[in-house]
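J.: Have a look at this one before I ask anything.
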Amino acid sequence: MTSRTSDIGAGTPHTAEIVVVGAGLAGLCAARTLQRAGRQVRVLEASEHLGGRVWSREVEGYTIDAGFLGMFTDYPAARRQFDYSALDLVVLKPSAVLRQAAGLAEVMGDPRRDPGALPGDLTAGALTAADRLHAARLAAELLAGPAHALLNGPDTSTREFLLERGFSERSLERFFTPFFGGLVIDRELKTSANLFRYYMRLLITGDVAIPRRGMSELPRQLAAELDVQRSVRVQGLSSSGQGVTLHTTAGELRAKQVIVATDPPTAARLLGEQPGDPRPVERGSLSSTYLHFRAPQALEPQPRLQLNARPTGWLNQVLWLDQVFPGRVPGERGLLIASLWGIPEGDDAALADLALAELREWYGDAADTLDLLAVDRIPHVQYPQPAGYAASLPGHSTALPNVFLASEVTSLSGIQGALESGEKAAAAILGDLEVLSRPRGA
């Protein structure tokens, strides 16, 4: 992988055939697709790291991930784009610990792949006997056709869908909200039921996995063949039928074609989007905070994802990474990642206090052995995807001549949507009708 600070320079603008703005998964996927098709491509990245929200770093001997915690192995685009064996994926247990009031913790999941989840599946108070029957019927229905077909058709909110299927209010509060709501950062389950069905199908047929060396392995694999220039911010675009001029912090660069593959708010600004656009790129942002704690040792030998199953509190998801990746920590120490709903006000110490106040309800005074290692505040983790959101998604062509869009906002928020959009933005330039006609989520 080529990585330079900049060679654009000042004075007479340099030229390139295709420039991709943004080295997240969407941009890297688009760039690699074009380069493998014989096009000359340059990628500009404003930050010092690849992957956008999907990246890892070393902090005092610990390997920590920021952004996405894991990848669904059955994402169709991920299967096309990644060499799974080279990623050295570690599969998380297909189950979760539901943490409730008064120290109650229930394990639920797929007993076929995690036998330890069977007792909770049979007896956990999060689901009634009727809920379990409804869940079995729903699982059978989700397996009846291709996964991408679940994204189509009439839509409603996940909450309305589950209630219409007979699920109890208790199951929504104690299981579906922490499980699915925590995934899409939606405590009210307003998210599209079609999206809920799609994700549930992928969880039934596949796994959630993380590269052993960290989530940065995903962008690193995509970027291995590419010319990526970091620390170069694109401040504006001037487009015409003859090409595009990019105004950057390192000077001007001219290209025949440009793919904008930044976060949605930045993309909307670069594309000159106006309020009231019927298919907006700027669709709002759901935020999250990730706190990384080290400890003399793990406070429990629990490798499963742990979810806050209470309707209140700041904690969302918690995972003891040392129990899944012993090689990521020095010696026998513990490493815990805790995500918070949104971005609470306060400095790092104040955020740590918020998390520790709730973790003490889980671990008692032992929580005081946790020492804050790092904090990641991520303003845009996903965009809201309420019922019917797909009807107003933007396409890959834009109002600017020779400028295309590669972004999760063209499909669904997350790794599948990012990779899929990268493929289709490249296909728009290449005239690849087969890829352009591929269904959303396929």
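Here, A, B, ... name the chains of the structure tokens in the order displayed, residue numbers run from 1 inside each chain, and ligands are numbered from 1 in the same displayed order.
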Can you list, as a ChimeraX atom specification, all residues belonging to range 184-336 of chain A that DSSP tags as alpha helix (DSSP H)?

T.: /A:184,193-205,217-223,264-270,321-324

J.: For Leu162 in chain A, list every protein, DNA or RNA residue within 12 Å, evaluated using only C-alpha atoms, and leave out those in the same chain fewer than 5 positions away; present the list as a ChimeraX atom specification.

T.: /A:131,134-135,138,156-157,167-173,175-177,180,189-194,196-197

J.: Identify, with DSSP run on backbone atoms, the residues in range 121-297 of chain A assigned to strand (DSSP E or B), and express the list as a ChimeraX atom specification.

T.: /A:157,191-192,208-211,227-229,234-240,243-248,251-260,286-295

J.: Limited to C-alpha atoms, could you put the picked residues into a file as a CSV table (one decimal), in the first residue's frame?

T.:
chain,number,residue,atom,x,y,z
A,157,SER,CA,-41.2,0.2,12.3
A,191,THR,CA,-35.9,1.4,12.6
A,192,SER,CA,-37.3,-0.2,9.4
A,208,VAL,CA,-20.2,-11.8,13.6
A,209,ALA,CA,-16.5,-11.8,13.4
A,210,ILE,CA,-13.5,-9.5,14.0
A,211,PRO,CA,-10.0,-9.8,12.5
A,227,ASP,CA,-2.2,4.9,-4.1
A,228,VAL,CA,-3.6,6.5,-1.0
A,229,GLN,CA,-2.6,10.0,0.1
A,234,VAL,CA,-10.8,18.2,-0.1
A,235,GLN,CA,-12.4,21.5,0.6
A,236,GLY,CA,-14.5,21.9,-2.5
A,237,LEU,CA,-15.2,20.7,-6.0
A,238,SER,CA,-15.6,22.6,-9.3
A,239,SER,CA,-17.2,20.4,-11.9
A,240,SER,CA,-17.9,20.8,-15.7
A,243,GLY,CA,-13.7,17.3,-15.7
A,244,VAL,CA,-13.4,18.2,-12.1
A,245,THR,CA,-11.1,20.4,-10.1
A,246,LEU,CA,-10.6,19.4,-6.5
A,247,HIS,CA,-9.6,22.3,-4.1
A,248,THR,CA,-7.6,20.6,-1.4
A,251,GLY,CA,-3.3,22.6,-3.7
A,252,GLU,CA,-5.5,21.9,-6.7
A,253,LEU,CA,-5.9,18.6,-8.5
A,254,ARG,CA,-7.8,18.0,-11.7
A,255,ALA,CA,-9.5,14.7,-12.6
A,256,LYS,CA,-11.6,13.4,-15.3
A,257,GLN,CA,-14.0,11.9,-12.8
A,258,VAL,CA,-14.4,12.0,-9.0
A,259,ILE,CA,-16.1,9.7,-6.5
A,260,VAL,CA,-17.1,11.3,-3.2
A,286,LEU,CA,-26.6,8.6,15.2
A,287,SER,CA,-23.6,9.0,17.5
A,288,SER,CA,-21.9,6.7,20.0
A,289,THR,CA,-19.0,6.9,22.4
A,290,TYR,CA,-16.6,4.0,23.0
A,291,LEU,CA,-14.6,3.7,26.2
A,292,HIS,CA,-11.6,1.4,26.5
A,293,PHE,CA,-10.7,0.2,30.0
A,294,ARG,CA,-7.7,-1.8,31.0
A,295,ALA,CA,-7.6,-3.9,34.2

J.: When you look at Glu361 in chain A with a cut-off of 9 Å (counting only C-alpha atoms), what residues show up, excluding the ones that are within fewer than 5 positions of it in the same chain? I need them as a PyMOL selection string.

T.: chain A and resi 101-103+356+367

J.: Show me, as an NGL selection string, the residues that have an atom within 7 Å of Pro280 in chain A when counting only C-alpha atoms, minus same-chain residues fewer than 2 positions from it.

T.: :A and (277-278 or 282-283 or 393-394)

J.: Save the residues we just selected, N, CA and C atoms, as a PDB file, in the first residue's frame?

T.:
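part35.pdb was written with the following content:
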ATOM      1  N   ASP A 277     -33.906  18.488  -0.477  1.00  0.00           N
ATOM      2  CA  ASP A 277     -33.662  17.535  -1.564  1.00  0.00           C
ATOM      3  C   ASP A 277     -34.507  16.284  -1.320  1.00  0.00           C
ATOM      4  N   PRO A 278     -35.239  15.791  -2.336  1.00  0.00           N
ATOM      5  CA  PRO A 278     -36.107  14.632  -2.112  1.00  0.00           C
ATOM      6  C   PRO A 278     -35.349  13.332  -1.853  1.00  0.00           C
ATOM      7  N   GLU A 282     -27.446  13.989   3.134  1.00  0.00           N
ATOM      8  CA  GLU A 282     -27.453  14.319   4.563  1.00  0.00           C
ATOM      9  C   GLU A 282     -28.763  13.827   5.168  1.00  0.00           C
ATOM     10  N   ARG A 283     -28.690  12.760   5.957  1.00  0.00           N
ATOM     11  CA  ARG A 283     -29.882  12.113   6.493  1.00  0.00           C
ATOM     12  C   ARG A 283     -29.886  12.091   8.014  1.00  0.00           C
ATOM     13  N   LEU A 393     -33.649   7.007  -0.821  1.00  0.00           N
ATOM     14  CA  LEU A 393     -32.195   6.908  -0.874  1.00  0.00           C
ATOM     15  C   LEU A 393     -31.661   7.534  -2.153  1.00  0.00           C
ATOM     16  N   PRO A 394     -30.516   8.242  -2.076  1.00  0.00           N
ATOM     17  CA  PRO A 394     -29.931   8.809  -3.289  1.00  0.00           C
ATOM     18  C   PRO A 394     -29.267   7.734  -4.135  1.00  0.00           C
TER      19      PRO A 394
END

J.: Report, in Å to a single decimal, how far apart CA of Asp348 in chain A and CA of Val375 in chain A are.

T.: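 Value for the CA of Val375 in chain A-CA of Asp348 in chain A distance: 6.6 Å.
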
J.: Extract, using only C-alpha atoms, all DNA, RNA and protein residues at most 10 Å from Ala349 in chain A, discarding same-chain residues fewer than 4 positions from it, and format them as an MDAnalysis selection string.

T.: chainID A and resid 353:354 372 375

J.: Name the residues in contact with Asp263 in chain A at a cut-off of 12 Å, using only C-alpha atoms, excluding same-chain residues fewer than 2 positions from it; report them as a ChimeraX atom specification.

T.: /A:21-27,45-46,51-53,260-261,265-270,281-285,378-383,405-409,413-414,418

J.: Using only C-alpha atoms, can you tell me which of A:Glu17, A:Glu160, A:Glu48, A:Asp368 comes closest to Ala31 in chain A?

T.: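 When distances to Ala31 in chain A are compared using only C-alpha atoms, the smallest one comes from A:Glu17.
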
J.: Given the choices A:Glu106, A:Glu358, A:Asp371, A:Asp186, which gets closest to Leu305 in chain A if the distance is worked out from only C-alpha atoms?

T.: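 For Leu305 in chain A, the nearest of the given residues is A:Glu106.
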
J.: Of the residues A:Leu336, A:Leu50, A:Leu271, A:Leu370, which is the one nearest to Pro296 in chain A, using only C-alpha atoms?

T.: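 Among the listed residues, A:Leu370 lies closest to Pro296 in chain A.
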
J.: I'd like the interatomic distance between CA of Pro311 in chain A and CA of Leu92 in chain A, to a tenth of an Å.

T.: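 Computing the Euclidean distance for CA of Pro311 in chain A and CA of Leu92 in chain A yields 25.1 Å.
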